[in-house]
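Participant: Below are the structure tokens for one structure; questions will follow.
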Amino acid sequence: MNYRTWPDGKTKTSLLGFGCMRLPQNKENKIDEKEAFRLLDYAYKNGVNYFDTAYMYHDGESELVLGKFLDTKPRDSYILTSKLPVMMCNSLEDAKNKFEEQMKKLNKDYLDCYLIHGLNKDTFKNSVDWGIIDYCEDLLKQGRIKRLGFSFHDDYETFEKIITYRKWDLCQIQYNYIDQNEQAGNKGYELATKLNIPLIIMEPVKGGNLQRLPDDVTKPFKAISQDSNASFALRWVAMHEGVKVVLSGMTTYEQVVENVKTFEDYKPLTEDEIKAIDEVSENIKKHVFNGCTGCRYCMPCPRGVDIPGTFKVWNNYAMFGDERHAKWQWDDIPDEAKPKNCVKCGKCEKMCPQHLSIREDLVKAQNLLNSL
Ligand code: SF4
Ligand code: SF4
């Protein structure tokens, strides 16, 4: 297993981290504990020492199962990370209760890393206003958590504000070769690295989307290697030295074996492989419905329609066909910002540098996304 040392000079983590949000389940949609232990044990025995969970994963079951599994291992042989669900809190009291509940479920005296979960503009403001960050700093002083960080889902500007708010011990972002300009993205990676804050990466394979690519898209990979699409995606993330852990939410034994293999014998990408990834990215982008770049020149729409937001969901669906994700993103656009509010005034089309038929495309997007 390949390991990376953190800027503190002491912490050493396996480059592959086990994300416990997609553990194997039985017919009742409960974690199949026996199978989950088999996966976790294979990873542990093959050198994985970073285990990531959260209050919300598997409706609260993930912490229980992971805690139980880790009880069979020496406490100093692994790094255990969990996350405070600030989106489920309405006060400091709620946050305190959640933390105590988590410690009981995990059955541990301390957590190696504690992340404030999924920070965005709103949850960050609440975390500051309600004293949740101060409370987490007290937990650090008491030794109940050893490192404090945050995981993140919002735009780069918000990321910059949060990461410079205090000296965080780590931070977790979404990063992969197709999302280099999404969320924190490349700029976020560079800033965190400059600030010497270790990065933990989630969604390196974009929820499996970068594995499930059509053959015509992945021709450049197949022309130079037998490695899986996922392996290319994981190694792209790992080639960034500021990245200390690449998380994979593993569900099957085969996935664990394959991911362990990728990082056991980790080889940085060659120039040819980087070129192939660029070509595959271009191929993926060719599948879009329209060429919206998200520049926002068309905004604001006088009727409040979220034009770039709608096209982003529509085009993502075209690229990956991920219905569940598209539905989730579509639900995220408020009803009053959906294309059905467009009165076809045409103002947006005059501003669009890509000369898109925005009015026509909005109707198509609304119809398709509503039908999912
Ligand atoms: S055409 Fe529709 S989307 Fe474009 S500015 Fe007018 S109301 Fe908004
Ligand atoms: S101006 Fe055109 S390209 Fe830019 S966000 Fe609006 S629709 Fe997309």
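Identifiers in this document derive from the order of the structure tokens: chains are assigned A, B, ..., residues are numbered from 1 separately in each chain, and ligands are numbered from 1 in order of occurrence.
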Mind checking which residues fall within 8 Å of A:Gly304, counting only C-alpha atoms, ignoring those fewer than 5 positions away in the same chain, and posting them as number ranges by chain?
Facilitator: A: 336-337, 341
Participant: So that I can check the surroundings of stretch 114-120 of chain A, please list as a list in words every protein, DNA and RNA residue that reaches within 7 Å of it, counting only C-alpha atoms and ignoring chain neighbours fewer than 3 positions away.
Facilitator: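 Contacts, in chain order: Thr81, Ser82, Lys83, Leu84, Pro85, Val86, Leu111, Thr123, Phe124, Ile145, Arg147, Leu148, Gly149, Phe150, Ser151, Phe152, His153, Asp154 and Thr158 of chain A.
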Participant: Could those residues be written to a file, using C-alpha atoms, as a tab-separated table (two decimals), in the first residue's frame?
Facilitator:
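Result file again_32.tsv:
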```tsv
chain	number	residue	atom	x	y	z
A	81	THR	CA	-13.00	9.94	10.68
A	82	SER	CA	-16.62	10.86	11.22
A	83	LYS	CA	-18.68	13.96	10.49
A	84	LEU	CA	-20.98	16.27	12.39
A	85	PRO	CA	-24.31	16.57	10.51
A	86	VAL	CA	-24.76	20.34	10.79
A	111	LEU	CA	-11.98	10.36	17.02
A	123	THR	CA	-24.36	25.64	7.08
A	124	PHE	CA	-21.06	27.48	7.49
A	145	ILE	CA	-11.16	14.66	18.68
A	147	ARG	CA	-8.04	16.78	14.24
A	148	LEU	CA	-10.76	19.15	13.08
A	149	GLY	CA	-11.75	19.71	9.47
A	150	PHE	CA	-14.72	20.06	7.17
A	151	SER	CA	-16.17	18.46	4.09
A	152	PHE	CA	-17.47	20.76	1.41
A	153	HIS	CA	-20.15	21.20	-1.27
A	154	ASP	CA	-20.50	24.68	-2.71
A	158	THR	CA	-17.39	29.84	-0.44
```
Participant: Using only C-alpha atoms and all ligand atoms, which residues have at least one atom no more than 9 Å from ligand 2? Output them as number ranges by chain.
Facilitator: A: 290-299, 307-309, 311-312, 348-358
Participant: Taking only C-alpha atoms and all ligand atoms into account, list the residues no farther than 6 Å from ligand 1, as a PDB file with C-alpha atoms, in the first residue's frame.
Facilitator:
```pdb
ATOM      1  CA  CYS A 301     -33.504  36.243 -15.873  1.00  0.00           C
ATOM      2  CA  PRO A 302     -36.359  38.677 -15.155  1.00  0.00           C
ATOM      3  CA  ARG A 303     -38.578  35.679 -14.325  1.00  0.00           C
ATOM      4  CA  VAL A 305     -35.265  31.094 -14.117  1.00  0.00           C
ATOM      5  CA  CYS A 342     -39.936  31.326 -18.653  1.00  0.00           C
ATOM      6  CA  VAL A 343     -42.146  33.772 -20.604  1.00  0.00           C
ATOM      7  CA  LYS A 344     -39.905  33.568 -23.705  1.00  0.00           C
ATOM      8  CA  CYS A 345     -38.938  37.242 -23.666  1.00  0.00           C
ATOM      9  CA  GLY A 346     -35.592  36.345 -25.335  1.00  0.00           C
ATOM     10  CA  LYS A 347     -33.434  38.641 -23.186  1.00  0.00           C
ATOM     11  CA  CYS A 348     -31.126  35.781 -22.220  1.00  0.00           C
ATOM     12  CA  ARG A 359     -35.812  29.160 -24.810  1.00  0.00           C
TER      13      ARG A 359
END
```
Participant: For A:Tyr57, which residue among A:Gly19, A:Asn90, A:His325, A:Leu39 is the nearest when counting only C-alpha atoms?
Facilitator: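 Selected residue with least distance to A:Tyr57: A:Gly19.
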Participant: A:Lys338: which residues within 8 Å, counting only C-alpha atoms, same-chain residues fewer than 5 positions away excluded, as a PyMOL selection string?
Facilitator: chain A and resi 305-306+310+333+366
Participant: How about saving the chosen residues, N, CA, C and O atoms kept, as a compact mmCIF listing (two decimals), in the first residue's frame?
Facilitator:
```
# COMPACT_ATOMS: atom_id res chain seq x y z
N VAL A 305 -35.62 32.45 -13.69
CA VAL A 305 -35.26 31.09 -14.12
C VAL A 305 -33.75 30.87 -13.91
O VAL A 305 -32.94 31.72 -14.29
N ASP A 306 -33.40 29.73 -13.34
CA ASP A 306 -31.98 29.40 -13.16
C ASP A 306 -31.52 28.70 -14.46
O ASP A 306 -31.55 27.48 -14.57
N THR A 310 -30.10 24.85 -14.69
CA THR A 310 -30.92 23.85 -15.40
C THR A 310 -30.07 23.12 -16.44
O THR A 310 -30.10 21.89 -16.53
N ILE A 333 -33.21 22.53 -7.55
CA ILE A 333 -33.57 23.82 -8.16
C ILE A 333 -35.00 24.16 -7.70
O ILE A 333 -35.93 23.39 -7.97
N GLN A 366 -36.73 20.90 -19.23
CA GLN A 366 -37.82 20.74 -18.27
C GLN A 366 -38.58 19.43 -18.53
O GLN A 366 -38.84 18.66 -17.61
```
Participant: Based on the backbone DSSP call, show me all residues of stretch 33-108 of chain A assigned alpha helix (DSSP H), as a JSON list (two decimals) with all heavy atoms, in the first residue's frame.
Facilitator:
```json
[["chain", "number", "residue", "atom", "x", "y", "z"],
["A", 33, "GLU", "N", -23.76, -7.03, 7.56],
["A", 33, "GLU", "CA", -22.60, -6.86, 8.43],
["A", 33, "GLU", "C", -21.46, -7.84, 8.14],
["A", 33, "GLU", "O", -20.29, -7.45, 8.09],
["A", 33, "GLU", "CB", -23.05, -6.98, 9.88],
["A", 33, "GLU", "CG", -22.05, -6.41, 10.86],
["A", 33, "GLU", "CD", -22.59, -6.41, 12.27],
["A", 33, "GLU", "OE1", -23.58, -5.70, 12.51],
["A", 33, "GLU", "OE2", -22.01, -7.12, 13.11],
["A", 34, "LYS", "N", -21.84, -9.08, 7.89],
["A", 34, "LYS", "CA", -20.82, -10.11, 7.66],
["A", 34, "LYS", "C", -20.01, -9.76, 6.40],
["A", 34, "LYS", "O", -18.77, -9.80, 6.40],
["A", 34, "LYS", "CB", -21.52, -11.46, 7.48],
["A", 34, "LYS", "CG", -20.60, -12.62, 7.65],
["A", 34, "LYS", "CD", -21.37, -13.93, 7.74],
["A", 34, "LYS", "CE", -20.41, -15.06, 7.42],
["A", 34, "LYS", "NZ", -20.97, -16.03, 6.52],
["A", 35, "GLU", "N", -20.73, -9.36, 5.35],
["A", 35, "GLU", "CA", -20.06, -9.03, 4.09],
["A", 35, "GLU", "C", -19.26, -7.72, 4.24],
["A", 35, "GLU", "O", -18.14, -7.60, 3.74],
["A", 35, "GLU", "CB", -21.09, -8.92, 2.96],
["A", 35, "GLU", "CG", -20.53, -8.65, 1.57],
["A", 35, "GLU", "CD", -19.61, -9.75, 1.04],
["A", 35, "GLU", "OE1", -19.42, -10.78, 1.70],
["A", 35, "GLU", "OE2", -19.04, -9.52, -0.06],
["A", 36, "ALA", "N", -19.84, -6.76, 4.96],
["A", 36, "ALA", "CA", -19.14, -5.48, 5.18],
["A", 36, "ALA", "C", -17.81, -5.74, 5.92],
["A", 36, "ALA", "O", -16.77, -5.18, 5.56],
["A", 36, "ALA", "CB", -20.02, -4.53, 5.98],
["A", 37, "PHE", "N", -17.86, -6.62, 6.92],
["A", 37, "PHE", "CA", -16.64, -6.95, 7.67],
["A", 37, "PHE", "C", -15.60, -7.60, 6.74],
["A", 37, "PHE", "O", -14.41, -7.38, 6.87],
["A", 37, "PHE", "CB", -16.97, -7.91, 8.82],
["A", 37, "PHE", "CG", -17.37, -7.21, 10.10],
["A", 37, "PHE", "CD1", -18.13, -6.05, 10.07],
["A", 37, "PHE", "CD2", -16.98, -7.71, 11.33],
["A", 37, "PHE", "CE1", -18.51, -5.40, 11.25],
["A", 37, "PHE", "CE2", -17.34, -7.07, 12.51],
["A", 37, "PHE", "CZ", -18.11, -5.91, 12.47],
["A", 38, "ARG", "N", -16.08, -8.42, 5.82],
["A", 38, "ARG", "CA", -15.16, -9.10, 4.89],
["A", 38, "ARG", "C", -14.42, -8.06, 4.04],
["A", 38, "ARG", "O", -13.21, -8.12, 3.85],
["A", 38, "ARG", "CB", -15.97, -10.07, 3.99],
["A", 38, "ARG", "CG", -15.11, -11.03, 3.18],
["A", 38, "ARG", "CD", -15.96, -12.19, 2.67],
["A", 38, "ARG", "NE", -16.64, -11.85, 1.43],
["A", 38, "ARG", "CZ", -16.22, -12.21, 0.21],
["A", 38, "ARG", "NH1", -15.11, -12.93, 0.08],
["A", 38, "ARG", "NH2", -16.90, -11.87, -0.85],
["A", 39, "LEU", "N", -15.17, -7.07, 3.56],
["A", 39, "LEU", "CA", -14.57, -6.01, 2.73],
["A", 39, "LEU", "C", -13.59, -5.18, 3.56],
["A", 39, "LEU", "O", -12.45, -4.91, 3.15],
["A", 39, "LEU", "CB", -15.66, -5.08, 2.18],
["A", 39, "LEU", "CG", -16.30, -5.40, 0.84],
["A", 39, "LEU", "CD1", -16.90, -6.80, 0.80],
["A", 39, "LEU", "CD2", -17.36, -4.37, 0.49],
["A", 40, "LEU", "N", -14.07, -4.76, 4.73],
["A", 40, "LEU", "CA", -13.24, -3.89, 5.58],
["A", 40, "LEU", "C", -11.97, -4.62, 6.00],
["A", 40, "LEU", "O", -10.88, -4.04, 6.02],
["A", 40, "LEU", "CB", -14.04, -3.47, 6.83],
["A", 40, "LEU", "CG", -15.18, -2.47, 6.57],
["A", 40, "LEU", "CD1", -16.19, -2.46, 7.71],
["A", 40, "LEU", "CD2", -14.61, -1.06, 6.36],
["A", 41, "ASP", "N", -12.13, -5.91, 6.30],
["A", 41, "ASP", "CA", -10.98, -6.69, 6.75],
["A", 41, "ASP", "C", -9.94, -6.87, 5.64],
["A", 41, "ASP", "O", -8.74, -6.79, 5.89],
["A", 41, "ASP", "CB", -11.45, -8.06, 7.25],
["A", 41, "ASP", "CG", -10.54, -8.57, 8.33],
["A", 41, "ASP", "OD1", -10.22, -7.78, 9.24],
["A", 41, "ASP", "OD2", -10.15, -9.76, 8.26],
["A", 42, "TYR", "N", -10.43, -7.08, 4.43],
["A", 42, "TYR", "CA", -9.49, -7.21, 3.31],
["A", 42, "TYR", "C", -8.69, -5.92, 3.15],
["A", 42, "TYR", "O", -7.46, -5.94, 2.99],
["A", 42, "TYR", "CB", -10.24, -7.54, 2.00],
["A", 42, "TYR", "CG", -9.30, -7.77, 0.85],
["A", 42, "TYR", "CD1", -8.79, -9.05, 0.58],
["A", 42, "TYR", "CD2", -8.85, -6.70, 0.04],
["A", 42, "TYR", "CE1", -7.89, -9.26, -0.46],
["A", 42, "TYR", "CE2", -7.95, -6.91, -0.99],
["A", 42, "TYR", "CZ", -7.48, -8.19, -1.24],
["A", 42, "TYR", "OH", -6.57, -8.39, -2.26],
["A", 43, "ALA", "N", -9.41, -4.80, 3.22],
["A", 43, "ALA", "CA", -8.74, -3.50, 3.07],
["A", 43, "ALA", "C", -7.72, -3.30, 4.19],
["A", 43, "ALA", "O", -6.56, -2.95, 3.95],
["A", 43, "ALA", "CB", -9.77, -2.38, 3.06],
["A", 44, "TYR", "N", -8.16, -3.56, 5.42],
["A", 44, "TYR", "CA", -7.28, -3.36, 6.58],
["A", 44, "TYR", "C", -6.03, -4.24, 6.48],
["A", 44, "TYR", "O", -4.91, -3.77, 6.65],
["A", 44, "TYR", "CB", -8.07, -3.68, 7.86],
["A", 44, "TYR", "CG", -7.27, -3.51, 9.13],
["A", 44, "TYR", "CD1", -7.16, -2.27, 9.76],
["A", 44, "TYR", "CD2", -6.61, -4.60, 9.70],
["A", 44, "TYR", "CE1", -6.42, -2.12, 10.93],
["A", 44, "TYR", "CE2", -5.87, -4.46, 10.86],
["A", 44, "TYR", "CZ", -5.78, -3.21, 11.47],
["A", 44, "TYR", "OH", -5.03, -3.07, 12.62],
["A", 45, "LYS", "N", -6.24, -5.50, 6.16],
["A", 45, "LYS", "CA", -5.10, -6.43, 6.09],
["A", 45, "LYS", "C", -4.15, -6.08, 4.96],
["A", 45, "LYS", "O", -2.98, -6.45, 4.97],
["A", 45, "LYS", "CB", -5.60, -7.87, 5.91],
["A", 45, "LYS", "CG", -6.14, -8.41, 7.22],
["A", 45, "LYS", "CD", -6.49, -9.87, 7.12],
["A", 45, "LYS", "CE", -6.94, -10.39, 8.48],
["A", 45, "LYS", "NZ", -8.04, -11.34, 8.36],
["A", 61, "GLU", "N", -26.51, 3.74, 10.44],
["A", 61, "GLU", "CA", -26.00, 2.39, 10.69],
["A", 61, "GLU", "C", -24.50, 2.26, 10.42],
["A", 61, "GLU", "O", -23.82, 1.41, 11.00],
["A", 61, "GLU", "CB", -26.74, 1.43, 9.75],
["A", 61, "GLU", "CG", -27.42, 0.28, 10.42],
["A", 61, "GLU", "CD", -27.69, -0.82, 9.42],
["A", 61, "GLU", "OE1", -28.07, -0.51, 8.27],
["A", 61, "GLU", "OE2", -27.48, -1.97, 9.76],
["A", 62, "SER", "N", -23.99, 3.12, 9.53],
["A", 62, "SER", "CA", -22.58, 3.01, 9.13],
["A", 62, "SER", "C", -21.65, 3.18, 10.33],
["A", 62, "SER", "O", -20.70, 2.41, 10.51],
["A", 62, "SER", "CB", -22.27, 4.06, 8.05],
["A", 62, "SER", "OG", -20.91, 4.09, 7.78],
["A", 63, "GLU", "N", -21.93, 4.16, 11.17],
["A", 63, "GLU", "CA", -21.06, 4.39, 12.33],
["A", 63, "GLU", "C", -21.07, 3.16, 13.26],
["A", 63, "GLU", "O", -20.02, 2.78, 13.79],
["A", 63, "GLU", "CB", -21.52, 5.63, 13.10],
["A", 63, "GLU", "CG", -21.18, 6.92, 12.37],
["A", 63, "GLU", "CD", -21.53, 8.17, 13.15],
["A", 63, "GLU", "OE1", -22.56, 8.17, 13.84],
["A", 63, "GLU", "OE2", -20.79, 9.15, 13.08],
["A", 64, "LEU", "N", -22.25, 2.58, 13.43],
["A", 64, "LEU", "CA", -22.35, 1.40, 14.31],
["A", 64, "LEU", "C", -21.49, 0.25, 13.80],
["A", 64, "LEU", "O", -20.71, -0.33, 14.55],
["A", 64, "LEU", "CB", -23.80, 0.92, 14.34],
["A", 64, "LEU", "CG", -24.73, 1.48, 15.41],
["A", 64, "LEU", "CD1", -26.15, 0.99, 15.16],
["A", 64, "LEU", "CD2", -24.26, 1.05, 16.79],
["A", 65, "VAL", "N", -21.65, -0.04, 12.50],
["A", 65, "VAL", "CA", -20.94, -1.19, 11.91],
["A", 65, "VAL", "C", -19.43, -0.93, 11.87],
["A", 65, "VAL", "O", -18.63, -1.80, 12.23],
["A", 65, "VAL", "CB", -21.50, -1.51, 10.51],
["A", 65, "VAL", "CG1", -20.67, -2.56, 9.80],
["A", 65, "VAL", "CG2", -22.95, -1.98, 10.63],
["A", 66, "LEU", "N", -19.05, 0.27, 11.44],
["A", 66, "LEU", "CA", -17.61, 0.54, 11.36],
["A", 66, "LEU", "C", -16.99, 0.52, 12.76],
["A", 66, "LEU", "O", -15.90, -0.05, 12.95],
["A", 66, "LEU", "CB", -17.37, 1.91, 10.68],
["A", 66, "LEU", "CG", -15.90, 2.30, 10.56],
["A", 66, "LEU", "CD1", -15.11, 1.30, 9.72],
["A", 66, "LEU", "CD2", -15.75, 3.71, 9.96],
["A", 67, "GLY", "N", -17.69, 1.12, 13.73],
["A", 67, "GLY", "CA", -17.18, 1.12, 15.11],
["A", 67, "GLY", "C", -16.95, -0.31, 15.59],
["A", 67, "GLY", "O", -15.91, -0.62, 16.18],
["A", 68, "LYS", "N", -17.90, -1.17, 15.31],
["A", 68, "LYS", "CA", -17.82, -2.57, 15.74],
["A", 68, "LYS", "C", -16.64, -3.28, 15.06],
["A", 68, "LYS", "O", -15.88, -4.01, 15.69],
["A", 68, "LYS", "CB", -19.13, -3.26, 15.36],
["A", 68, "LYS", "CG", -19.48, -4.44, 16.19],
["A", 68, "LYS", "CD", -20.94, -4.80, 15.92],
["A", 68, "LYS", "CE", -21.17, -6.27, 16.17],
["A", 68, "LYS", "NZ", -22.48, -6.71, 15.70],
["A", 69, "PHE", "N", -16.49, -3.02, 13.76],
["A", 69, "PHE", "CA", -15.38, -3.65, 13.04],
["A", 69, "PHE", "C", -14.04, -3.19, 13.63],
["A", 69, "PHE", "O", -13.16, -4.01, 13.89],
["A", 69, "PHE", "CB", -15.44, -3.31, 11.54],
["A", 69, "PHE", "CG", -14.18, -3.68, 10.83],
["A", 69, "PHE", "CD1", -13.92, -5.01, 10.51],
["A", 69, "PHE", "CD2", -13.22, -2.71, 10.52],
["A", 69, "PHE", "CE1", -12.73, -5.36, 9.88],
["A", 69, "PHE", "CE2", -12.03, -3.06, 9.88],
["A", 69, "PHE", "CZ", -11.79, -4.40, 9.57],
["A", 70, "LEU", "N", -13.93, -1.89, 13.86],
["A", 70, "LEU", "CA", -12.64, -1.36, 14.33],
["A", 70, "LEU", "C", -12.33, -1.80, 15.76],
["A", 70, "LEU", "O", -11.17, -1.79, 16.19],
["A", 70, "LEU", "CB", -12.61, 0.16, 14.20],
["A", 70, "LEU", "CG", -12.58, 0.67, 12.74],
["A", 70, "LEU", "CD1", -12.69, 2.18, 12.68],
["A", 70, "LEU", "CD2", -11.32, 0.21, 12.00],
["A", 92, "LEU", "N", -26.78, 24.77, 18.83],
["A", 92, "LEU", "CA", -25.55, 24.19, 19.37],
["A", 92, "LEU", "C", -25.86, 22.93, 20.17],
["A", 92, "LEU", "O", -25.13, 21.94, 20.11],
["A", 92, "LEU", "CB", -24.86, 25.25, 20.26],
["A", 92, "LEU", "CG", -23.60, 24.81, 21.00],
["A", 92, "LEU", "CD1", -22.53, 24.33, 20.04],
["A", 92, "LEU", "CD2", -23.06, 25.95, 21.86],
["A", 93, "GLU", "N", -26.97, 22.98, 20.89],
["A", 93, "GLU", "CA", -27.38, 21.84, 21.71],
["A", 93, "GLU", "C", -27.54, 20.59, 20.84],
["A", 93, "GLU", "O", -27.09, 19.51, 21.19],
["A", 93, "GLU", "CB", -28.73, 22.19, 22.36],
["A", 93, "GLU", "CG", -28.86, 22.01, 23.85],
["A", 93, "GLU", "CD", -27.59, 21.89, 24.65],
["A", 93, "GLU", "OE1", -26.80, 22.85, 24.74],
["A", 93, "GLU", "OE2", -27.39, 20.78, 25.17],
["A", 94, "ASP", "N", -28.17, 20.78, 19.65],
["A", 94, "ASP", "CA", -28.35, 19.65, 18.71],
["A", 94, "ASP", "C", -26.99, 19.07, 18.34],
["A", 94, "ASP", "O", -26.81, 17.85, 18.30],
["A", 94, "ASP", "CB", -28.99, 20.14, 17.40],
["A", 94, "ASP", "CG", -30.49, 20.31, 17.54],
["A", 94, "ASP", "OD1", -31.03, 19.91, 18.56],
["A", 94, "ASP", "OD2", -31.09, 20.87, 16.58],
["A", 95, "ALA", "N", -26.03, 19.96, 18.05],
["A", 95, "ALA", "CA", -24.71, 19.49, 17.63],
["A", 95, "ALA", "C", -24.03, 18.70, 18.75],
["A", 95, "ALA", "O", -23.44, 17.64, 18.52],
["A", 95, "ALA", "CB", -23.84, 20.68, 17.22],
["A", 96, "LYS", "N", -24.17, 19.21, 19.98],
["A", 96, "LYS", "CA", -23.56, 18.50, 21.12],
["A", 96, "LYS", "C", -24.18, 17.11, 21.28],
["A", 96, "LYS", "O", -23.47, 16.13, 21.49],
["A", 96, "LYS", "CB", -23.79, 19.31, 22.40],
["A", 96, "LYS", "CG", -22.96, 20.58, 22.48],
["A", 96, "LYS", "CD", -23.19, 21.26, 23.82],
["A", 96, "LYS", "CE", -22.36, 22.53, 23.91],
["A", 96, "LYS", "NZ", -22.58, 23.27, 25.16],
["A", 97, "ASN", "N", -25.51, 17.05, 21.16],
["A", 97, "ASN", "CA", -26.18, 15.75, 21.30],
["A", 97, "ASN", "C", -25.76, 14.78, 20.21],
["A", 97, "ASN", "O", -25.54, 13.60, 20.47],
["A", 97, "ASN", "CB", -27.71, 15.93, 21.26],
["A", 97, "ASN", "CG", -28.20, 16.65, 22.51],
["A", 97, "ASN", "OD1", -27.54, 16.63, 23.54],
["A", 97, "ASN", "ND2", -29.35, 17.30, 22.41],
["A", 98, "LYS", "N", -25.61, 15.32, 18.99],
["A", 98, "LYS", "CA", -25.22, 14.44, 17.88],
["A", 98, "LYS", "C", -23.83, 13.87, 18.15],
["A", 98, "LYS", "O", -23.59, 12.69, 17.94],
["A", 98, "LYS", "CB", -25.19, 15.23, 16.55],
["A", 98, "LYS", "CG", -26.58, 15.65, 16.06],
["A", 98, "LYS", "CD", -27.25, 14.53, 15.29],
["A", 98, "LYS", "CE", -28.56, 14.92, 14.65],
["A", 98, "LYS", "NZ", -29.70, 15.13, 15.55],
["A", 99, "PHE", "N", -22.92, 14.73, 18.58],
["A", 99, "PHE", "CA", -21.55, 14.24, 18.84],
["A", 99, "PHE", "C", -21.55, 13.12, 19.88],
["A", 99, "PHE", "O", -20.93, 12.08, 19.69],
["A", 99, "PHE", "CB", -20.64, 15.39, 19.28],
["A", 99, "PHE", "CG", -19.26, 14.92, 19.64],
["A", 99, "PHE", "CD1", -18.37, 14.53, 18.66],
["A", 99, "PHE", "CD2", -18.86, 14.83, 20.97],
["A", 99, "PHE", "CE1", -17.09, 14.05, 18.99],
["A", 99, "PHE", "CE2", -17.58, 14.37, 21.31],
["A", 99, "PHE", "CZ", -16.71, 13.98, 20.31],
["A", 100, "GLU", "N", -22.29, 13.34, 20.98],
["A", 100, "GLU", "CA", -22.30, 12.31, 22.03],
["A", 100, "GLU", "C", -22.89, 11.01, 21.49],
["A", 100, "GLU", "O", -22.40, 9.92, 21.79],
["A", 100, "GLU", "CB", -23.10, 12.80, 23.25],
["A", 100, "GLU", "CG", -22.50, 14.01, 23.96],
["A", 100, "GLU", "CD", -21.06, 13.83, 24.44],
["A", 100, "GLU", "OE1", -20.62, 12.68, 24.62],
["A", 100, "GLU", "OE2", -20.36, 14.86, 24.60],
["A", 101, "GLU", "N", -23.94, 11.15, 20.69],
["A", 101, "GLU", "CA", -24.57, 9.96, 20.10],
["A", 101, "GLU", "C", -23.57, 9.22, 19.21],
["A", 101, "GLU", "O", -23.47, 7.99, 19.24],
["A", 101, "GLU", "CB", -25.78, 10.44, 19.28],
["A", 101, "GLU", "CG", -26.73, 9.36, 18.87],
["A", 101, "GLU", "CD", -27.83, 9.90, 17.91],
["A", 101, "GLU", "OE1", -28.18, 11.09, 18.00],
["A", 101, "GLU", "OE2", -28.28, 9.11, 17.06],
["A", 102, "GLN", "N", -22.81, 9.99, 18.43],
["A", 102, "GLN", "CA", -21.83, 9.38, 17.53],
["A", 102, "GLN", "C", -20.76, 8.61, 18.32],
["A", 102, "GLN", "O", -20.38, 7.51, 17.94],
["A", 102, "GLN", "CB", -21.15, 10.46, 16.68],
["A", 102, "GLN", "CG", -22.09, 11.07, 15.64],
["A", 102, "GLN", "CD", -21.39, 12.15, 14.83],
["A", 102, "GLN", "OE1", -21.17, 13.26, 15.31],
["A", 102, "GLN", "NE2", -21.05, 11.82, 13.60],
["A", 103, "MET", "N", -20.28, 9.23, 19.40],
["A", 103, "MET", "CA", -19.23, 8.58, 20.18],
["A", 103, "MET", "C", -19.72, 7.25, 20.76],
["A", 103, "MET", "O", -18.99, 6.27, 20.83],
["A", 103, "MET", "CB", -18.74, 9.50, 21.31],
["A", 103, "MET", "CG", -18.06, 10.75, 20.80],
["A", 103, "MET", "SD", -16.69, 10.38, 19.69],
["A", 103, "MET", "CE", -15.34, 10.17, 20.83],
["A", 104, "LYS", "N", -20.99, 7.25, 21.18],
["A", 104, "LYS", "CA", -21.58, 6.01, 21.72],
["A", 104, "LYS", "C", -21.66, 4.95, 20.62],
["A", 104, "LYS", "O", -21.29, 3.80, 20.82],
["A", 104, "LYS", "CB", -22.99, 6.29, 22.23],
["A", 104, "LYS", "CG", -23.00, 6.60, 23.71],
["A", 104, "LYS", "CD", -24.40, 6.42, 24.29],
["A", 104, "LYS", "CE", -24.46, 7.29, 25.54],
["A", 104, "LYS", "NZ", -25.53, 8.27, 25.52],
["A", 105, "LYS", "N", -22.14, 5.37, 19.44],
["A", 105, "LYS", "CA", -22.31, 4.40, 18.37],
["A", 105, "LYS", "C", -20.97, 3.84, 17.91],
["A", 105, "LYS", "O", -20.82, 2.66, 17.64],
["A", 105, "LYS", "CB", -23.04, 5.06, 17.18],
["A", 105, "LYS", "CG", -24.53, 5.17, 17.44],
["A", 105, "LYS", "CD", -25.36, 5.21, 16.18],
["A", 105, "LYS", "CE", -25.24, 6.47, 15.45],
["A", 105, "LYS", "NZ", -26.18, 6.73, 14.41],
["A", 106, "LEU", "N", -20.00, 4.73, 17.81],
["A", 106, "LEU", "CA", -18.68, 4.28, 17.35],
["A", 106, "LEU", "C", -17.93, 3.53, 18.45],
["A", 106, "LEU", "O", -16.97, 2.80, 18.17],
["A", 106, "LEU", "CB", -17.85, 5.49, 16.89],
["A", 106, "LEU", "CG", -18.30, 6.09, 15.55],
["A", 106, "LEU", "CD1", -17.84, 7.52, 15.41],
["A", 106, "LEU", "CD2", -17.79, 5.25, 14.38]]
```
Participant: One number please: atom CA of A:Thr164 to atom CA of A:Lys187, in Å, one decimal.
Facilitator: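 A separation of 13.7 Å between them.
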Participant: Applying 9 Å and only C-alpha atoms, which residues near A:Ile284 remain after dropping the ones on its own chain fewer than 5 positions away? List them as a count of residues only.
Facilitator: 7
Participant: Using only C-alpha atoms, what table do you get, as JSON lines, when you list each residue of stretch 252-352 of chain A with an atom no more than 9 Å from stretch 225-244 of chain A, its nearest pair of atoms, and their distance in Å rounded to one decimal, rows by chain then rising number?
Facilitator:
```
{"residue": "A:Glu258", "atom": "CA", "partner": "A:Ser231", "partner_atom": "CA", "distance": 8.2}
{"residue": "A:Asn259", "atom": "CA", "partner": "A:Ser231", "partner_atom": "CA", "distance": 7.3}
{"residue": "A:Thr262", "atom": "CA", "partner": "A:Ser231", "partner_atom": "CA", "distance": 6.3}
{"residue": "A:Phe263", "atom": "CA", "partner": "A:Arg235", "partner_atom": "CA", "distance": 8.3}
{"residue": "A:Tyr266", "atom": "CA", "partner": "A:Arg235", "partner_atom": "CA", "distance": 7.8}
{"residue": "A:Lys267", "atom": "CA", "partner": "A:Arg235", "partner_atom": "CA", "distance": 7.9}
{"residue": "A:Pro268", "atom": "CA", "partner": "A:Met239", "partner_atom": "CA", "distance": 5.9}
{"residue": "A:Leu269", "atom": "CA", "partner": "A:Arg235", "partner_atom": "CA", "distance": 6.6}
{"residue": "A:Glu273", "atom": "CA", "partner": "A:Phe232", "partner_atom": "CA", "distance": 8.0}
{"residue": "A:Ile274", "atom": "CA", "partner": "A:Trp236", "partner_atom": "CA", "distance": 7.8}
{"residue": "A:Ile277", "atom": "CA", "partner": "A:Phe232", "partner_atom": "CA", "distance": 7.5}
```
